[in-house]
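Engineer: Next up is a structure, given as structure tokens.
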Amino acid sequence: MNKNLARCRMAAMLAAAAASLAALMPAVAQNAAPPAAPPAPPLKIAFVYVSPIGEAGWTYQHNQGRLAMQTVLGNRVTTRVVEGVAEGADSERVMRDLAAQGNQLIFATSFGYLEPALRVAAEFPAVKFEHAGGYKTSTTGVAGYVAGFPVPEVIQGINAFALGMRQVNPQAQVKVLWLNSWFDPPREREAAQTLVNQGADVLTNHSGSTAVAQTAEENFKTKGVRLIAYQSDMSRFAPNAQLTAITHQWGGYYTQVAQAVLIGTWKPKPVWGGMREGFVALAPFAASVPKDVAALIDAQRSALLAGRLKPFSAPLVDTDGKLRLEKGSLDDAAIASMNWFVQGVAGSLPRP
């Protein structure tokens, strides 16, 4: 392989009876400790998922976070999930039902849930809402990226992947195919195979199923296709093709949010995090990754964690040859609103 790479009240009758008993038994100890307060009812938390939970992928990883939170907080919380909820009117109806049913915290885990969540939140001000809004070696120098929707969250991931490739191969190219869907396994598979047929010998994705990983595995023996998995470790679906995976870790954050709601300190606020904050982790390297390449990636990871490495650093040039950043590095706001591709990305973006 090329090395470039988280009660009961007494009735009035009981109170009166207790007073009568007190009159009959004046010698009852006056300093007896009051009864312990009954435990507070658990915090009811709901999760809305854009696809079935499945065995890996975007929704699977969110559900892993829910389970981790449940393990940490135990009987202080109860959770429920609603799977396969389409963005738009369906998600608004589901979130409204969940709020009406007494859920006090709702996690809306797909980009298109934003506006519906805002509308339902306005109707239920007591309910808290949370909304979830590379490096690789390549023989051909072409990687294929199967992408859901052209929103900044996805665009920045594509750009970061391309910048990483071009650090070791300045001529590397990332070909992008849009699905206009977060979860559509047949189309994900079709897009991945199309990219392979166009010369990509590395695949990655920002979509919700295991289809891209499975397509990489199917093409491993005949075409040497490799995989940089995204969201979940896909090694059980692509045991030969996967080199590593960029995984999402939601458990710590979900626990933190639930604890804040439990103690009354929760406030709506944007959250921005990566490896340093524990949101993102790198899966173990495949045995086929050369030791010096693994060491280089580990060094880059350490630099990211220490804040020494800023992937979106100057000079940054877009696909039209326009200089987008002459010096310094993009701040979080600029990255979070990215609507352009860096050089090395082959794909189209909708124009305003």
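Chain identifiers are assigned as A, B, and so on, following the order in which chains appear in the structure tokens; residues are numbered from 1 within each chain, and ligands are numbered from 1 in order of appearance.
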So that each row is one residue of range 177-224 of chain A with an atom at most 12 Å from range 109-132 of chain A, can you give its shortest atom pair and the distance in Å to one decimal, using only C-alpha atoms, rows by chain and rising number, as JSON lines?
Structural biologist:
```
{"residue": "A:Asn180", "atom": "CA", "partner": "A:Gly112", "partner_atom": "CA", "distance": 11.4}
{"residue": "A:Ser181", "atom": "CA", "partner": "A:Gly112", "partner_atom": "CA", "distance": 10.3}
{"residue": "A:Trp182", "atom": "CA", "partner": "A:Ser110", "partner_atom": "CA", "distance": 8.5}
{"residue": "A:Phe183", "atom": "CA", "partner": "A:Ser110", "partner_atom": "CA", "distance": 10.7}
{"residue": "A:Ser207", "atom": "CA", "partner": "A:Ser110", "partner_atom": "CA", "distance": 11.1}
{"residue": "A:Gly208", "atom": "CA", "partner": "A:Ser110", "partner_atom": "CA", "distance": 10.3}
```
Engineer: Report as a PyMOL selection string all protein, DNA and RNA residues lying within 8 Å of Val176 in chain A, evaluated on only C-alpha atoms, omitting residues in the same chain fewer than 4 positions from it.
Structural biologist: chain A and resi 144-147+345-348
Engineer: For the structure I just gave you, how does DSSP split range 152-237 of chain A - specifically, which residues are alpha helix (DSSP H)? Reply as a PDB file with C-alpha atoms, in the first residue's frame.
Structural biologist:
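For reference, states_7.pdb as written:
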```
ATOM      1  CA  PRO A 152     -21.605  23.364   5.742  1.00  0.00           C
ATOM      2  CA  GLU A 153     -21.171  20.400   8.109  1.00  0.00           C
ATOM      3  CA  VAL A 154     -20.637  18.110   5.137  1.00  0.00           C
ATOM      4  CA  ILE A 155     -18.669  20.566   2.996  1.00  0.00           C
ATOM      5  CA  GLN A 156     -16.111  21.193   5.734  1.00  0.00           C
ATOM      6  CA  GLY A 157     -15.601  17.436   6.107  1.00  0.00           C
ATOM      7  CA  ILE A 158     -14.998  17.028   2.379  1.00  0.00           C
ATOM      8  CA  ASN A 159     -12.553  19.941   2.386  1.00  0.00           C
ATOM      9  CA  ALA A 160     -10.662  18.610   5.407  1.00  0.00           C
ATOM     10  CA  PHE A 161     -10.382  15.216   3.724  1.00  0.00           C
ATOM     11  CA  ALA A 162      -9.016  16.789   0.538  1.00  0.00           C
ATOM     12  CA  LEU A 163      -6.522  18.979   2.419  1.00  0.00           C
ATOM     13  CA  GLY A 164      -5.242  15.944   4.300  1.00  0.00           C
ATOM     14  CA  MET A 165      -4.739  13.965   1.105  1.00  0.00           C
ATOM     15  CA  ARG A 166      -2.991  16.838  -0.635  1.00  0.00           C
ATOM     16  CA  GLN A 167      -0.523  17.206   2.232  1.00  0.00           C
ATOM     17  CA  VAL A 168       1.084  13.976   1.079  1.00  0.00           C
ATOM     18  CA  PRO A 185     -28.564   2.390   1.343  1.00  0.00           C
ATOM     19  CA  PRO A 186     -29.255   1.432  -2.295  1.00  0.00           C
ATOM     20  CA  ARG A 187     -28.281   4.866  -3.572  1.00  0.00           C
ATOM     21  CA  GLU A 188     -25.288   5.033  -1.217  1.00  0.00           C
ATOM     22  CA  ARG A 189     -24.108   1.743  -2.655  1.00  0.00           C
ATOM     23  CA  GLU A 190     -24.717   2.925  -6.223  1.00  0.00           C
ATOM     24  CA  ALA A 191     -22.837   6.181  -5.633  1.00  0.00           C
ATOM     25  CA  ALA A 192     -19.906   4.358  -4.055  1.00  0.00           C
ATOM     26  CA  GLN A 193     -19.670   1.905  -6.937  1.00  0.00           C
ATOM     27  CA  THR A 194     -19.857   4.761  -9.449  1.00  0.00           C
ATOM     28  CA  LEU A 195     -16.914   6.451  -7.730  1.00  0.00           C
ATOM     29  CA  VAL A 196     -14.939   3.214  -7.828  1.00  0.00           C
ATOM     30  CA  ASN A 197     -15.715   2.880 -11.526  1.00  0.00           C
ATOM     31  CA  ALA A 211     -23.462   0.610   2.296  1.00  0.00           C
ATOM     32  CA  VAL A 212     -20.299   2.538   1.408  1.00  0.00           C
ATOM     33  CA  ALA A 213     -18.192   0.339   3.686  1.00  0.00           C
ATOM     34  CA  GLN A 214     -19.705  -2.807   2.201  1.00  0.00           C
ATOM     35  CA  THR A 215     -19.085  -1.541  -1.329  1.00  0.00           C
ATOM     36  CA  ALA A 216     -15.438  -0.895  -0.485  1.00  0.00           C
ATOM     37  CA  GLU A 217     -15.149  -4.447   0.859  1.00  0.00           C
ATOM     38  CA  GLU A 218     -16.766  -5.893  -2.272  1.00  0.00           C
ATOM     39  CA  PHE A 220     -11.181  -4.832  -2.199  1.00  0.00           C
ATOM     40  CA  LYS A 221      -9.989  -8.075  -3.783  1.00  0.00           C
ATOM     41  CA  THR A 222     -10.548  -7.104  -7.406  1.00  0.00           C
ATOM     42  CA  LYS A 223      -9.633  -3.395  -7.328  1.00  0.00           C
TER      43      LYS A 223
END
```
Engineer: Counting only C-alpha atoms, which of A:Gly84, A:Pro170, A:Arg66, A:Val151 gets nearest to Pro350 in chain A?
Structural biologist: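 Among the listed residues, A:Val151 lies closest to Pro350 in chain A.
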Engineer: Ranking A:Gln256, A:Gln64, A:Thr59, A:Ser313 by minimum distance to His206 in chain A and counting only C-alpha atoms, which one comes first?
Structural biologist: A:Thr59
Engineer: Looking at only C-alpha atoms, which of A:Ser51, A:Asn240, A:Thr78, A:Gln198 is the one that sits closest to Gly224 in chain A?
Structural biologist: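 Of all the options, A:Asn240 lies closest to Gly224 in chain A.
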Engineer: Work out how far apart CA of Ala334 in chain A and CA of Thr319 in chain A are and give it in Å to one decimal.
Structural biologist: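 Computing the Euclidean distance for CA of Ala334 in chain A and CA of Thr319 in chain A yields 17.4 Å.
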Engineer: Using only C-alpha atoms, can you tell me which of A:Ala100, A:Met69, A:Val94, A:Ile228 comes closest to Ala143 in chain A?
Structural biologist: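 The answer is A:Ile228, which sits nearest to Ala143 in chain A.
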Engineer: Any idea what the distance is between CA of Arg308 in chain A and CA of Thr244 in chain A?
Structural biologist: 22.8 Å
Engineer: Report the distance between CA of Ala336 in chain A and CA of Gly274 in chain A in Å, rounded to one decimal place.
Structural biologist: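 Atom-to-atom, CA of Ala336 in chain A to CA of Gly274 in chain A, that is 12.7 Å.
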